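Here's the structure we're looking at; comments come further down.
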Number of protein chains: 4
Amino acid sequence: MDEQANTNAKWKEKTFEIIFKADTFWGKLFDAILLVAIFLSVLAVILESVGRFRLNYGIYFLWAEWIFTGLFVIEYILRIIVVKKPWHYIKSFFGIVDLLSILPSLLAFVFAGAQSLMIIRGLRLLRIFRIFKLTQYLGEASQLSTALLASRKKITLFIATVLILVSIMGAVMYLIEPPESGFTDIPRGIYWSIVTLTTVGYGDIAPITPLGQIVASFIMIMGYGIIAVPTGIVTSEMNKSRFKVDSRSCENCGAKQHGDFAKFCHNCGEKLPPIS
Amino acid sequence: MDEQANTNAKWKEKTFEIIFKADTFWGKLFDAILLVAIFLSVLAVILESVGRFRLNYGIYFLWAEWIFTGLFVIEYILRIIVVKKPWHYIKSFFGIVDLLSILPSLLAFVFAGAQSLMIIRGLRLLRIFRIFKLTQYLGEASQLSTALLASRKKITLFIATVLILVSIMGAVMYLIEPPESGFTDIPRGIYWSIVTLTTVGYGDIAPITPLGQIVASFIMIMGYGIIAVPTGIVTSEMNKSRFKVDSRSCENCGAKQHGDFAKFCHNCGEKLPPIS
Amino acid sequence: MDEQANTNAKWKEKTFEIIFKADTFWGKLFDAILLVAIFLSVLAVILESVGRFRLNYGIYFLWAEWIFTGLFVIEYILRIIVVKKPWHYIKSFFGIVDLLSILPSLLAFVFAGAQSLMIIRGLRLLRIFRIFKLTQYLGEASQLSTALLASRKKITLFIATVLILVSIMGAVMYLIEPPESGFTDIPRGIYWSIVTLTTVGYGDIAPITPLGQIVASFIMIMGYGIIAVPTGIVTSEMNKSRFKVDSRSCENCGAKQHGDFAKFCHNCGEKLPPIS
Amino acid sequence: MDEQANTNAKWKEKTFEIIFKADTFWGKLFDAILLVAIFLSVLAVILESVGRFRLNYGIYFLWAEWIFTGLFVIEYILRIIVVKKPWHYIKSFFGIVDLLSILPSLLAFVFAGAQSLMIIRGLRLLRIFRIFKLTQYLGEASQLSTALLASRKKITLFIATVLILVSIMGAVMYLIEPPESGFTDIPRGIYWSIVTLTTVGYGDIAPITPLGQIVASFIMIMGYGIIAVPTGIVTSEMNKSRFKVDSRSCENCGAKQHGDFAKFCHNCGEKLPPIS
């Protein structure tokens with residue numbers, strides 16, 4: 001009995017290493033096959049939506065859908081079994097994505113077309129960073145997300161201000177422009193303001209009166225400056241994270257420009273005072 | 001009598017704390033209710049503009065409009081009564097916004113449709129920053145606005161130059177293109193230039209002759225570089241705050257541009273005064 | 001005779017001060033009137049192009065055109081007479097603009113519609129920077145143009161590469177797309193590539209085949225990165241011009257981070273070695 | 001015989017200097033003629049695609065095509081003969097471009113229209129940087145490409161994430177919008193997402209339902225932030241070269257991230273080795 005528990009534990013550990021890690025040959029192989037399966041599954045969802053393909057090969061897509069879903073269900077259950085803290089995995093980013101990627105097939109029983117949601121499986125492709133030079137790529141990613149996280153407050157403030165601005169501009173354009181130009185109500189005016197301020201400019205709604213065009217010109221030139229703000233925020237944040245110089249000066253030689261991680265003066269080697 | 005004046009003063013102070021501050025429970029509750037009321041009032045204005053909603057629920061929107069306006073009028077009068085320097089409040093940013101947000105309802109008696117201007121109430125939503133971690137958000141905001149203010153002159157120069165450029169380009173396109181392509185007069189040419197230079201590109205006016213397309217291509221590539229300028233200005237301004245040149249001038253030779261870590265003048269070697 | 005020459009010289013000097021400088025009351029008045037005249041003259045050209053205005057007030061525009069042109073001719077001749085180095089003025093930026101702004105009226109005798117070119121007078125409005133805090137604004141302008149000039153080579157290389165890229169992409173799209181989608185020849189393909197790469201996106205020409213849309217997607221994502229390059233160049237250049245730190249270290253205390261204009265160490269006041 | 005080999009070697013060397021270098025008069029002349037020939041050849045390809053020109057001057061274009069192709073074939077063979085390491089040249093960037101620029105003419109025998117591919121000759125125009133101040137321009141180019149290369153990993157991660165995002169958004173829009181608005185299948189939805197996220201915005205596909213417009217607005221505002229990322233990456237990378245952290249690690253404790261001005265380890269105070 002004890003021996004069987006031992007074998008069981010060994011089997012669990014081995015499967016864990018194959019499924020969750022990418023250091024051994026089998027681990028790499030598993031990840032590679034998994035990624036190909038995910039990619040094919042996403043491709044099937046995309047191609048199935050094209051009328052021509054659905055008509056001619058509909059039955060194959062149905063088969064592919066169920067086979068891939070079956071495989072992913074088995075994989076998901078296996079992951080929960082072999083991992084030491086199942087709840088920790090289920091709540092993690094990849095745990096939620098893994099669950100979400102098998103749900104739409106079941107949803108498709110209730111709502112027709114729900115299988116298009118299977119495209120969320122695409123997020124699983126992010127695992128690709130695990131195979132090729134994992135740490136490097138994730139390091140870059142975390143640097144990016146640190147920069148974004150650090151400017152979270154600025155970005156919130158920025159988006160809130162933009163939303164209030166586009167609402168006001170949308171209402172003004174609704175007042176100025178006749179319905180023929182597409183500004184039939186304020187929500188459409190707001191939609192147009194967002195399309196214009198982000199410089200997307202579809203042209204499905206566009207001002208036709210001289211006054212409307214003057215206001216629109218004003219909005220566009222303002223948008224010119226506004227688009228610079230997020231760029232400035234991210235760039236500034238990225239620069240900051242690289243080498244934060246604090247305000248300490250060495251008590252021995254007076255040198256400045258010490259990184260905030262420095263314990264000793266770069267000029268004379270004297271111990272630096274702690275950061276206050 | 002003295003006691004009553006005292007009670008009156010106490011009542012004023014308490015109301016002041018509830019309405020203007022967000023530190024106490026009642027202050028927070030008041031702000032929360034106010035924000036919800038503002039949001040609902042703005043939403044009502046937006047939805048009323050949609051034909052389908054106006055036809056079916058027109059009477060409810062009218063009621064909502066008058067109830068909200070009534071509440072905001074009472075709130076505005078209360079604010080003036082309880083604040084110590086009423087004039088100071090009336091002239092402040094939020095004082096003006098508060099007044100502007102109750103005026104359109106009265107204007108609607110004279111001009112039909114003026115109630116759409118009530119959307120300006122949206123600006124009152126900026127108070128939201130007062131409830132959640134006020135100082136933090138306002139700190140970020142002031143950092144942004146300091147950067148913008150510091151580059152005020154550069155931005156003015158930039159916009160003036162852009163306006164002169166688009167006027168000239170608009171006139172050139174008006175000369176080149178036939179009226180069929182939408183360039184029926186110079187103002188429309190200028191409008192097109194702004195739409196193009198800001199990379200919005202609706203496509204309602206677009207060159208159709210080869211020469212017009214060549215000139216347009218030239219404008220677009222130029223716009224490529226021009227869009228970089230405001231970004232450069234803002235980013236540069238944001239970075240500036242990091243490596244600080246302070247405002248000290250040398251008492252011996254008058255030189256400026258000393259880093260905030262400098263102890264001696266870079267020009268004559270005289271000891272600098274400490275940073276005040 | 002000598003006295004008369006003296007009077008003449010005095011008259012010249014006084015007129016010079018009024019026309020060319022903006023320090024005295026009369027100088028400021030002259031500049032203000034000139035700017036208003038230029039602005040009205042440009043406005044007349046713009047409004048004249050609008051069919052409705054031309055029909056109703058055509059004769060007034062003609063009068064305005066000739067009066068303004070007459071005034072500007074007199075002003076131009078006066079400038080040449082009173083300035084000490086006439087040739088220097090004629091060859092300067094404002095000298096050329098002043099000449100160009102009176103030529104189109106004469107051209108209009110030969111080519112109908114040439115008066116639209118009078119909009120070039122708009123460039124004269126740049127004189128406005130002379131009246132209000134001249135040096136400040138021009139300082140900002142020169143900072144901008146220094147940054148642009150310094151990155152001249154990078155920008156040339158960038159534009160040359162972009163032009164070669166859009167030519168190739170335009171030819172590829174011409175091969176892929178049927179003429180119905182607007183890609184009737186390679187020049188139109190190149191025009192479309194520029195419209196797309198600069199993210200203007202009119203939509204007058206747009207791919208309709210799946211393959212064309214895939215290639216277009218590729219171009220757009222590439223354009224995503226390309227648009228970052230000029231921004232990076234300008235921002236980088238603007239940062240650089242602010243505080244150029246050279247590599248010298250103080251021979252006495254070893255401190256670094258000296259500005260390239262520094263003669264003495266900021267840390268100990270010792271004389272710095274000259275920049276090698 | 002020996003003498004003839006000598007003459008042969010001399011001839012090779014001289015031709016090499018003319019064809020590959022731009023230092024001598026003949027070298028410069030050769031490069032100038034070559035560039036003009038390439039430019040004319042590219043221009044011929046572009047103009048031939050215009051129906052009007054092809055009809056009237058078709059025969060001249062055919063002649064030009066064959067003459068230029070003949071010249072370039074001779075030039076390519078000459079280059080292989082006179083260069084010391086032919087294989088090295090053939091595998092180099094310009095070697096491949098030179099080969100690609102003569103292939104399409106031969107391909108045109110098999111596929112009609114393949115001669116449009118001759119536009120790839122445009123890449124040969126990059127040789128222009130060799131004539132005018134070669135090193136300077138190439139220095140700028142290598143600075144740009146170093147910055148791009150250094151951010152290769154970040155850019156890959158960024159593009160992969162963007163591709164996964166647009167796939168999901170494309171599928172969501174396909175579910176929300178009716179086929180009338182252009183979202184007939186998921187690939188078209190993905191195409192629309194890319195067009196929107198890059199702010200190109202043709203308008204050939206645009207949401208028409210309120211829900212679709214809300215989701216689109218969300219995508220556009222998100223795109224606002226996303227477009228800032230590559231700019232931030234490139235700018236940040238370009239700035240990095242200014243404040244240099246060198247690659248030295250402390251011999252005592254192994255700490256890294258020393259500024260290039262540091263003499264002592266910031267972590268343990270040990271003297272650092274000099275920069276090699």
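Simple scheme: letters A, B, ... for chains in structure tokens order, numbers from 1 for residues in each chain, numbers from 1 for ligands in the order shown.
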
Non-local contacts of Ile59 of chain D (12 Å; only C-alpha atoms; under 6 positions in same chain excluded) as a list in words: Ala44, Glu48, Phe53, Glu65 and Trp66 of chain D

Atoms kept (C-alpha atoms) for selection, written as a compact mmCIF listing (two decimals), in the first residue's frame:
```
# COMPACT_ATOMS: atom_id res chain seq x y z
CA ALA D 44 9.64 52.57 -65.92
CA GLU D 48 4.17 50.95 -67.24
CA PHE D 53 1.05 55.01 -70.63
CA GLU D 65 12.98 46.72 -69.32
CA TRP D 66 15.27 44.46 -71.34
```

All residues 7 Å or closer to segment 218-220 of chain A, only C-alpha atoms, same chain fewer than 4 positions away omitted, as a list in words: Thr196, Leu197, Ile214 and Tyr224 of chain A; Thr198 of chain B

Please identify all residues of chain C having at least one atom at most 6 Å from any atom of chain D, considering only C-alpha atoms, and return them as an mmCIF file with N, CA and C atoms, in the first residue's frame.
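Result went into selection.cif, see below:
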```cif
data_model
loop_
_atom_site.group_PDB
_atom_site.id
_atom_site.type_symbol
_atom_site.label_atom_id
_atom_site.label_comp_id
_atom_site.auth_asym_id
_atom_site.auth_seq_id
_atom_site.Cartn_x
_atom_site.Cartn_y
_atom_site.Cartn_z
ATOM 1 N N LYS C 154 19.163 61.439 -39.723
ATOM 2 C CA LYS C 154 18.298 60.311 -39.373
ATOM 3 C C LYS C 154 16.978 60.410 -40.102
ATOM 4 N N ILE C 164 11.094 53.843 -50.310
ATOM 5 C CA ILE C 164 11.399 52.598 -51.012
ATOM 6 C C ILE C 164 10.432 51.497 -50.575
ATOM 7 N N ILE C 168 7.574 49.342 -52.939
ATOM 8 C CA ILE C 168 7.509 47.881 -53.059
ATOM 9 C C ILE C 168 6.142 47.371 -52.627
ATOM 10 N N ASP C 185 -3.287 50.968 -60.746
ATOM 11 C CA ASP C 185 -1.909 50.989 -61.217
ATOM 12 C C ASP C 185 -0.966 51.132 -60.014
ATOM 13 N N ILE C 186 0.341 51.004 -60.255
ATOM 14 C CA ILE C 186 1.290 51.037 -59.143
ATOM 15 C C ILE C 186 1.296 52.389 -58.427
ATOM 16 N N THR C 199 -1.190 55.842 -41.188
ATOM 17 C CA THR C 199 -2.434 55.624 -40.433
ATOM 18 C C THR C 199 -3.509 56.668 -40.739
ATOM 19 N N VAL C 200 -3.421 57.316 -41.922
ATOM 20 C CA VAL C 200 -4.489 58.253 -42.300
ATOM 21 C C VAL C 200 -5.742 57.460 -42.675
ATOM 22 N N GLY C 201 -5.600 56.513 -43.631
ATOM 23 C CA GLY C 201 -6.681 55.589 -43.945
ATOM 24 C C GLY C 201 -7.964 56.225 -44.437
ATOM 25 N N TYR C 202 -7.950 56.828 -45.649
ATOM 26 C CA TYR C 202 -9.186 57.424 -46.168
ATOM 27 C C TYR C 202 -10.255 56.370 -46.418
ATOM 28 N N GLY C 203 -9.859 55.240 -47.002
ATOM 29 C CA GLY C 203 -10.835 54.225 -47.353
ATOM 30 C C GLY C 203 -11.316 54.352 -48.785
ATOM 31 N N GLY C 225 5.146 50.185 -35.766
ATOM 32 C CA GLY C 225 6.500 50.351 -35.266
ATOM 33 C C GLY C 225 7.185 51.535 -35.933
ATOM 34 N N ALA C 228 6.812 54.950 -34.628
ATOM 35 C CA ALA C 228 7.530 55.203 -33.380
ATOM 36 C C ALA C 228 8.903 55.817 -33.643
ATOM 37 N N GLY C 232 10.676 58.785 -31.630
ATOM 38 C CA GLY C 232 11.879 58.462 -30.869
ATOM 39 C C GLY C 232 13.021 59.405 -31.200
#
```

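Atom to atom, atom CA of Leu29 of chain D and atom CA of Glu17 of chain D stand 11.8 Å apart.
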
Long-range neighbours of segment 173-184 of chain C as a VMD selection string, 7 Å cut-off, only C-alpha atoms, 3 positions minimum in chain: chain C and resid 169 to 170 188 to 189 205 to 209 212

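Residue nearest Asn8 of chain A within the list A:Ile74, A:Ile81, A:Ala22, A:Leu157: A:Ile81 [criterion: smallest interatomic distance, only C-alpha atoms].
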
Distance in Å - atom CA of Trp11 of chain C versus atom CA of Val97 of chain C: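 Computing it gives 25.8 Å between the two atoms.
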